[in-house]
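Coordinates as given in upload_20.pdb (PDB, N, CA, C and O atoms, pLDDT in the B column):
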ATOM      1  N   MET U  23       5.281 -30.493 -41.938  1.00 49.00           N
ATOM      2  CA  MET U  23       5.696 -29.986 -40.641  1.00 49.00           C
ATOM      3  C   MET U  23       4.755 -28.848 -40.229  1.00 49.00           C
ATOM      4  O   MET U  23       4.402 -28.006 -41.035  1.00 49.00           O
ATOM      5  N   ASN U  24       4.405 -28.827 -38.997  1.00 54.00           N
ATOM      6  CA  ASN U  24       3.490 -27.815 -38.465  1.00 54.00           C
ATOM      7  C   ASN U  24       4.307 -26.639 -37.921  1.00 54.00           C
ATOM      8  O   ASN U  24       4.876 -26.704 -36.843  1.00 54.00           O
ATOM      9  N   TYR U  25       4.366 -25.561 -38.667  1.00 54.00           N
ATOM     10  CA  TYR U  25       5.154 -24.402 -38.242  1.00 54.00           C
ATOM     11  C   TYR U  25       4.428 -23.531 -37.217  1.00 54.00           C
ATOM     12  O   TYR U  25       5.049 -22.697 -36.582  1.00 54.00           O
ATOM     13  N   GLY U  26       3.143 -23.716 -37.074  1.00 55.00           N
ATOM     14  CA  GLY U  26       2.391 -22.949 -36.092  1.00 55.00           C
ATOM     15  C   GLY U  26       2.859 -23.227 -34.672  1.00 55.00           C
ATOM     16  O   GLY U  26       2.926 -22.343 -33.835  1.00 55.00           O
ATOM     17  N   SER U  27       3.202 -24.475 -34.396  1.00 58.00           N
ATOM     18  CA  SER U  27       3.661 -24.809 -33.051  1.00 58.00           C
ATOM     19  C   SER U  27       5.031 -24.208 -32.775  1.00 58.00           C
ATOM     20  O   SER U  27       5.346 -23.853 -31.644  1.00 58.00           O
ATOM     21  N   LEU U  28       5.865 -24.081 -33.812  1.00 56.00           N
ATOM     22  CA  LEU U  28       7.170 -23.454 -33.617  1.00 56.00           C
ATOM     23  C   LEU U  28       7.020 -21.967 -33.307  1.00 56.00           C
ATOM     24  O   LEU U  28       7.756 -21.419 -32.489  1.00 56.00           O
ATOM     25  N   ALA U  29       6.060 -21.319 -33.947  1.00 62.00           N
ATOM     26  CA  ALA U  29       5.835 -19.894 -33.696  1.00 62.00           C
ATOM     27  C   ALA U  29       5.373 -19.673 -32.260  1.00 62.00           C
ATOM     28  O   ALA U  29       5.823 -18.737 -31.594  1.00 62.00           O
ATOM     29  N   SER U  30       4.480 -20.501 -31.776  1.00 66.00           N
ATOM     30  CA  SER U  30       4.004 -20.323 -30.400  1.00 66.00           C
ATOM     31  C   SER U  30       5.122 -20.599 -29.399  1.00 66.00           C
ATOM     32  O   SER U  30       5.189 -19.955 -28.355  1.00 66.00           O
ATOM     33  N   THR U  31       6.009 -21.535 -29.714  1.00 68.00           N
ATOM     34  CA  THR U  31       7.147 -21.798 -28.823  1.00 68.00           C
ATOM     35  C   THR U  31       8.067 -20.584 -28.770  1.00 68.00           C
ATOM     36  O   THR U  31       8.538 -20.194 -27.700  1.00 68.00           O
ATOM     37  N   GLY U  32       8.305 -19.953 -29.905  1.00 74.00           N
ATOM     38  CA  GLY U  32       9.150 -18.759 -29.939  1.00 74.00           C
ATOM     39  C   GLY U  32       8.554 -17.605 -29.168  1.00 74.00           C
ATOM     40  O   GLY U  32       9.249 -16.890 -28.449  1.00 74.00           O
ATOM     41  N   VAL U  33       7.250 -17.432 -29.293  1.00 77.00           N
ATOM     42  CA  VAL U  33       6.572 -16.365 -28.553  1.00 77.00           C
ATOM     43  C   VAL U  33       6.664 -16.631 -27.053  1.00 77.00           C
ATOM     44  O   VAL U  33       6.939 -15.727 -26.269  1.00 77.00           O
ATOM     45  N   THR U  34       6.475 -17.866 -26.666  1.00 77.00           N
ATOM     46  CA  THR U  34       6.556 -18.227 -25.250  1.00 77.00           C
ATOM     47  C   THR U  34       7.951 -17.976 -24.702  1.00 77.00           C
ATOM     48  O   THR U  34       8.107 -17.413 -23.609  1.00 77.00           O
ATOM     49  N   LEU U  35       8.970 -18.346 -25.453  1.00 77.00           N
ATOM     50  CA  LEU U  35      10.348 -18.111 -25.006  1.00 77.00           C
ATOM     51  C   LEU U  35      10.662 -16.619 -24.923  1.00 77.00           C
ATOM     52  O   LEU U  35      11.330 -16.167 -23.995  1.00 77.00           O
ATOM     53  N   THR U  36      10.163 -15.853 -25.862  1.00 80.00           N
ATOM     54  CA  THR U  36      10.405 -14.412 -25.859  1.00 80.00           C
ATOM     55  C   THR U  36       9.730 -13.746 -24.665  1.00 80.00           C
ATOM     56  O   THR U  36      10.359 -12.963 -23.939  1.00 80.00           O
ATOM     57  N   ILE U  37       8.476 -14.039 -24.447  1.00 79.00           N
ATOM     58  CA  ILE U  37       7.747 -13.446 -23.314  1.00 79.00           C
ATOM     59  C   ILE U  37       8.362 -13.905 -21.989  1.00 79.00           C
ATOM     60  O   ILE U  37       8.539 -13.104 -21.072  1.00 79.00           O
ATOM     61  N   GLY U  38       8.710 -15.178 -21.898  1.00 79.00           N
ATOM     62  CA  GLY U  38       9.352 -15.685 -20.681  1.00 79.00           C
ATOM     63  C   GLY U  38      10.676 -15.000 -20.413  1.00 79.00           C
ATOM     64  O   GLY U  38      11.002 -14.659 -19.271  1.00 79.00           O
ATOM     65  N   GLY U  39      11.461 -14.763 -21.460  1.00 79.00           N
ATOM     66  CA  GLY U  39      12.739 -14.072 -21.293  1.00 79.00           C
ATOM     67  C   GLY U  39      12.564 -12.643 -20.833  1.00 79.00           C
ATOM     68  O   GLY U  39      13.310 -12.155 -19.985  1.00 79.00           O
ATOM     69  N   ILE U  40      11.576 -11.957 -21.387  1.00 78.00           N
ATOM     70  CA  ILE U  40      11.315 -10.574 -20.976  1.00 78.00           C
ATOM     71  C   ILE U  40      10.877 -10.528 -19.521  1.00 78.00           C
ATOM     72  O   ILE U  40      11.347  -9.696 -18.736  1.00 78.00           O
ATOM     73  N   VAL U  41       9.990 -11.425 -19.137  1.00 77.00           N
ATOM     74  CA  VAL U  41       9.485 -11.438 -17.756  1.00 77.00           C
ATOM     75  C   VAL U  41      10.605 -11.761 -16.778  1.00 77.00           C
ATOM     76  O   VAL U  41      10.771 -11.090 -15.759  1.00 77.00           O
ATOM     77  N   LEU U  42      11.403 -12.770 -17.073  1.00 77.00           N
ATOM     78  CA  LEU U  42      12.481 -13.152 -16.161  1.00 77.00           C
ATOM     79  C   LEU U  42      13.581 -12.100 -16.116  1.00 77.00           C
ATOM     80  O   LEU U  42      14.233 -11.924 -15.094  1.00 77.00           O
ATOM     81  N   ASP U  43      13.774 -11.399 -17.201  1.00 77.00           N
ATOM     82  CA  ASP U  43      14.804 -10.367 -17.236  1.00 77.00           C
ATOM     83  C   ASP U  43      14.392  -9.155 -16.402  1.00 77.00           C
ATOM     84  O   ASP U  43      15.252  -8.410 -15.945  1.00 77.00           O
ATOM     85  N   GLN U  44      13.124  -8.940 -16.197  1.00 79.00           N
ATOM     86  CA  GLN U  44      12.642  -7.775 -15.474  1.00 79.00           C
ATOM     87  C   GLN U  44      12.281  -8.079 -14.019  1.00 79.00           C
ATOM     88  O   GLN U  44      11.720  -7.229 -13.339  1.00 79.00           O
ATOM     89  N   VAL U  45      12.598  -9.273 -13.535  1.00 81.00           N
ATOM     90  CA  VAL U  45      12.261  -9.643 -12.151  1.00 81.00           C
ATOM     91  C   VAL U  45      12.949  -8.709 -11.164  1.00 81.00           C
ATOM     92  O   VAL U  45      12.357  -8.306 -10.157  1.00 81.00           O
ATOM     93  N   TRP U  46      14.183  -8.310 -11.446  1.00 82.00           N
ATOM     94  CA  TRP U  46      14.897  -7.424 -10.530  1.00 82.00           C
ATOM     95  C   TRP U  46      14.183  -6.079 -10.399  1.00 82.00           C
ATOM     96  O   TRP U  46      14.150  -5.487  -9.324  1.00 82.00           O
ATOM     97  N   LEU U  47      13.589  -5.605 -11.486  1.00 82.00           N
ATOM     98  CA  LEU U  47      12.881  -4.335 -11.451  1.00 82.00           C
ATOM     99  C   LEU U  47      11.602  -4.437 -10.619  1.00 82.00           C
ATOM    100  O   LEU U  47      11.279  -3.536  -9.834  1.00 82.00           O
ATOM    101  N   ILE U  48      10.903  -5.548 -10.739  1.00 81.00           N
ATOM    102  CA  ILE U  48       9.695  -5.774  -9.946  1.00 81.00           C
ATOM    103  C   ILE U  48      10.055  -5.886  -8.467  1.00 81.00           C
ATOM    104  O   ILE U  48       9.386  -5.310  -7.606  1.00 81.00           O
ATOM    105  N   ALA U  49      11.142  -6.596  -8.159  1.00 87.00           N
ATOM    106  CA  ALA U  49      11.582  -6.735  -6.771  1.00 87.00           C
ATOM    107  C   ALA U  49      12.007  -5.387  -6.192  1.00 87.00           C
ATOM    108  O   ALA U  49      11.704  -5.074  -5.031  1.00 87.00           O
ATOM    109  N   LEU U  50      12.682  -4.574  -6.993  1.00 88.00           N
ATOM    110  CA  LEU U  50      13.097  -3.249  -6.535  1.00 88.00           C
ATOM    111  C   LEU U  50      11.886  -2.368  -6.233  1.00 88.00           C
ATOM    112  O   LEU U  50      11.836  -1.691  -5.206  1.00 88.00           O
ATOM    113  N   ALA U  51      10.894  -2.390  -7.105  1.00 89.00           N
ATOM    114  CA  ALA U  51       9.685  -1.589  -6.889  1.00 89.00           C
ATOM    115  C   ALA U  51       8.939  -2.054  -5.643  1.00 89.00           C
ATOM    116  O   ALA U  51       8.483  -1.226  -4.841  1.00 89.00           O
ATOM    117  N   ALA U  52       8.816  -3.363  -5.457  1.00 91.00           N
ATOM    118  CA  ALA U  52       8.141  -3.884  -4.263  1.00 91.00           C
ATOM    119  C   ALA U  52       8.904  -3.500  -2.998  1.00 91.00           C
ATOM    120  O   ALA U  52       8.301  -3.130  -1.981  1.00 91.00           O
ATOM    121  N   GLY U  53      10.221  -3.556  -3.056  1.00 92.00           N
ATOM    122  CA  GLY U  53      11.038  -3.162  -1.902  1.00 92.00           C
ATOM    123  C   GLY U  53      10.870  -1.700  -1.553  1.00 92.00           C
ATOM    124  O   GLY U  53      10.804  -1.336  -0.375  1.00 92.00           O
ATOM    125  N   LEU U  54      10.789  -0.843  -2.578  1.00 93.00           N
ATOM    126  CA  LEU U  54      10.588   0.575  -2.314  1.00 93.00           C
ATOM    127  C   LEU U  54       9.224   0.855  -1.694  1.00 93.00           C
ATOM    128  O   LEU U  54       9.098   1.700  -0.802  1.00 93.00           O
ATOM    129  N   VAL U  55       8.206   0.136  -2.133  1.00 93.00           N
ATOM    130  CA  VAL U  55       6.870   0.306  -1.558  1.00 93.00           C
ATOM    131  C   VAL U  55       6.865  -0.120  -0.094  1.00 93.00           C
ATOM    132  O   VAL U  55       6.328   0.583   0.774  1.00 93.00           O
ATOM    133  N   VAL U  56       7.473  -1.253   0.200  1.00 93.00           N
ATOM    134  CA  VAL U  56       7.524  -1.736   1.589  1.00 93.00           C
ATOM    135  C   VAL U  56       8.335  -0.767   2.443  1.00 93.00           C
ATOM    136  O   VAL U  56       7.941  -0.440   3.575  1.00 93.00           O
ATOM    137  N   MET U  57       9.460  -0.289   1.933  1.00 93.00           N
ATOM    138  CA  MET U  57      10.283   0.640   2.696  1.00 93.00           C
ATOM    139  C   MET U  57       9.520   1.936   2.972  1.00 93.00           C
ATOM    140  O   MET U  57       9.588   2.487   4.074  1.00 93.00           O
ATOM    141  N   GLY U  58       8.771   2.418   1.993  1.00 90.00           N
ATOM    142  CA  GLY U  58       7.970   3.614   2.200  1.00 90.00           C
ATOM    143  C   GLY U  58       6.906   3.418   3.258  1.00 90.00           C
ATOM    144  O   GLY U  58       6.667   4.294   4.089  1.00 90.00           O
ATOM    145  N   ALA U  59       6.258   2.253   3.258  1.00 88.00           N
ATOM    146  CA  ALA U  59       5.238   1.974   4.268  1.00 88.00           C
ATOM    147  C   ALA U  59       5.849   1.916   5.662  1.00 88.00           C
ATOM    148  O   ALA U  59       5.269   2.433   6.626  1.00 88.00           O
ATOM    149  N   VAL U  60       7.018   1.329   5.782  1.00 87.00           N
ATOM    150  CA  VAL U  60       7.686   1.239   7.086  1.00 87.00           C
ATOM    151  C   VAL U  60       8.109   2.620   7.563  1.00 87.00           C
ATOM    152  O   VAL U  60       7.941   2.962   8.744  1.00 87.00           O
ATOM    153  N   VAL U  61       8.643   3.436   6.663  1.00 86.00           N
ATOM    154  CA  VAL U  61       9.055   4.788   7.046  1.00 86.00           C
ATOM    155  C   VAL U  61       7.861   5.609   7.510  1.00 86.00           C
ATOM    156  O   VAL U  61       7.927   6.313   8.520  1.00 86.00           O
ATOM    157  N   ILE U  62       6.758   5.526   6.802  1.00 81.00           N
ATOM    158  CA  ILE U  62       5.556   6.259   7.213  1.00 81.00           C
ATOM    159  C   ILE U  62       5.058   5.754   8.556  1.00 81.00           C
ATOM    160  O   ILE U  62       4.708   6.536   9.441  1.00 81.00           O
ATOM    161  N   ARG U  63       5.039   4.451   8.721  1.00 78.00           N
ATOM    162  CA  ARG U  63       4.515   3.871   9.974  1.00 78.00           C
ATOM    163  C   ARG U  63       5.389   4.241  11.164  1.00 78.00           C
ATOM    164  O   ARG U  63       4.902   4.611  12.224  1.00 78.00           O
ATOM    165  N   LEU U  64       6.700   4.157  11.003  1.00 81.00           N
ATOM    166  CA  LEU U  64       7.593   4.409  12.133  1.00 81.00           C
ATOM    167  C   LEU U  64       7.933   5.889  12.306  1.00 81.00           C
ATOM    168  O   LEU U  64       8.204   6.327  13.419  1.00 81.00           O
ATOM    169  N   GLY U  65       7.914   6.648  11.249  1.00 80.00           N
ATOM    170  CA  GLY U  65       8.325   8.043  11.331  1.00 80.00           C
ATOM    171  C   GLY U  65       7.197   9.002  11.612  1.00 80.00           C
ATOM    172  O   GLY U  65       7.211   9.713  12.617  1.00 80.00           O
ATOM    173  N   PHE U  66       6.221   9.025  10.759  1.00 77.00           N
ATOM    174  CA  PHE U  66       5.181  10.039  10.850  1.00 77.00           C
ATOM    175  C   PHE U  66       4.048   9.649  11.792  1.00 77.00           C
ATOM    176  O   PHE U  66       3.330  10.498  12.262  1.00 77.00           O
ATOM    177  N   ARG U  67       3.876   8.367  12.044  1.00 69.00           N
ATOM    178  CA  ARG U  67       2.740   7.919  12.860  1.00 69.00           C
ATOM    179  C   ARG U  67       3.215   7.258  14.156  1.00 69.00           C
ATOM    180  O   ARG U  67       2.576   6.382  14.678  1.00 69.00           O
ATOM    181  N   ARG U  68       4.316   7.709  14.674  1.00 72.00           N
ATOM    182  CA  ARG U  68       4.862   7.118  15.891  1.00 72.00           C
ATOM    183  C   ARG U  68       3.874   7.292  17.048  1.00 72.00           C
ATOM    184  O   ARG U  68       3.353   8.358  17.305  1.00 72.00           O
ATOM    185  N   GLY U  69       3.577   6.179  17.718  1.00 74.00           N
ATOM    186  CA  GLY U  69       2.682   6.205  18.868  1.00 74.00           C
ATOM    187  C   GLY U  69       1.210   6.160  18.513  1.00 74.00           C
ATOM    188  O   GLY U  69       0.368   6.295  19.393  1.00 74.00           O
ATOM    189  N   LYS U  70       0.875   5.998  17.249  1.00 75.00           N
ATOM    190  CA  LYS U  70      -0.526   5.950  16.848  1.00 75.00           C
ATOM    191  C   LYS U  70      -0.850   4.563  16.325  1.00 75.00           C
ATOM    192  O   LYS U  70       0.002   3.875  15.791  1.00 75.00           O
ATOM    193  N   THR U  71      -2.079   4.166  16.503  1.00 74.00           N
ATOM    194  CA  THR U  71      -2.532   2.883  15.976  1.00 74.00           C
ATOM    195  C   THR U  71      -3.164   3.100  14.607  1.00 74.00           C
ATOM    196  O   THR U  71      -3.466   4.238  14.233  1.00 74.00           O
ATOM    197  N   PRO U  72      -3.411   2.044  13.850  1.00 72.00           N
ATOM    198  CA  PRO U  72      -4.085   2.208  12.568  1.00 72.00           C
ATOM    199  C   PRO U  72      -5.482   2.829  12.685  1.00 72.00           C
ATOM    200  O   PRO U  72      -5.987   3.391  11.731  1.00 72.00           O
ATOM    201  N   ARG U  73      -6.114   2.748  13.867  1.00 78.00           N
ATOM    202  CA  ARG U  73      -7.437   3.339  14.062  1.00 78.00           C
ATOM    203  C   ARG U  73      -7.387   4.854  14.192  1.00 78.00           C
ATOM    204  O   ARG U  73      -8.351   5.535  13.927  1.00 78.00           O
ATOM    205  N   ASP U  74      -6.228   5.383  14.629  1.00 75.00           N
ATOM    206  CA  ASP U  74      -6.072   6.837  14.770  1.00 75.00           C
ATOM    207  C   ASP U  74      -5.902   7.453  13.384  1.00 75.00           C
ATOM    208  O   ASP U  74      -5.080   7.021  12.591  1.00 75.00           O
ATOM    209  N   ILE U  75      -6.692   8.503  13.145  1.00 67.00           N
ATOM    210  CA  ILE U  75      -6.591   9.179  11.842  1.00 67.00           C
ATOM    211  C   ILE U  75      -5.981  10.544  12.038  1.00 67.00           C
ATOM    212  O   ILE U  75      -6.230  11.249  12.945  1.00 67.00           O
TER     213      ILE U  75
END

Step by step, read the file and then write its structure as structure tokens.
Amino acid sequence: MNYGSLASTGVTLTIGGIVLDQVWLIALAAGLVVMGAVVIRLGFRRGKTPRDI
């Protein structure tokens, strides 16, 4: 029996579980970045275009 293939399957399942378990954290961080960009655009730069510095 080839145990090397079983080890790689276990590693794949472990890494996949960690990644899928942390999706909510990645989504939360992306949402905060987008919200910050919108707040800056609408709050501090009201009436200015991206060309205005």

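Between CA of Gln44 (chain U) and CA of Met57 (chain U) the interatomic distance comes to 20.2 Å.
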
Around all the atoms of region 49-60 of chain U listed in the file, with 4 Å of room on each side, what axis-aligned box do you get, giving centre and edge lengths in Å to one decimal, as JSON?
{"center_x": 9.2, "center_y": -1.2, "center_z": 0.3, "size_x": 15.9, "size_y": 19.0, "size_z": 24.9}

Q | Length of the CA of Thr71 (chain U) to CA of Leu50 (chain U) vector [Å] | A | 28.1 Å

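Interatomic distance, atom O of Asp43 (chain U) against CA of Val55 (chain U): 18.8 Å.
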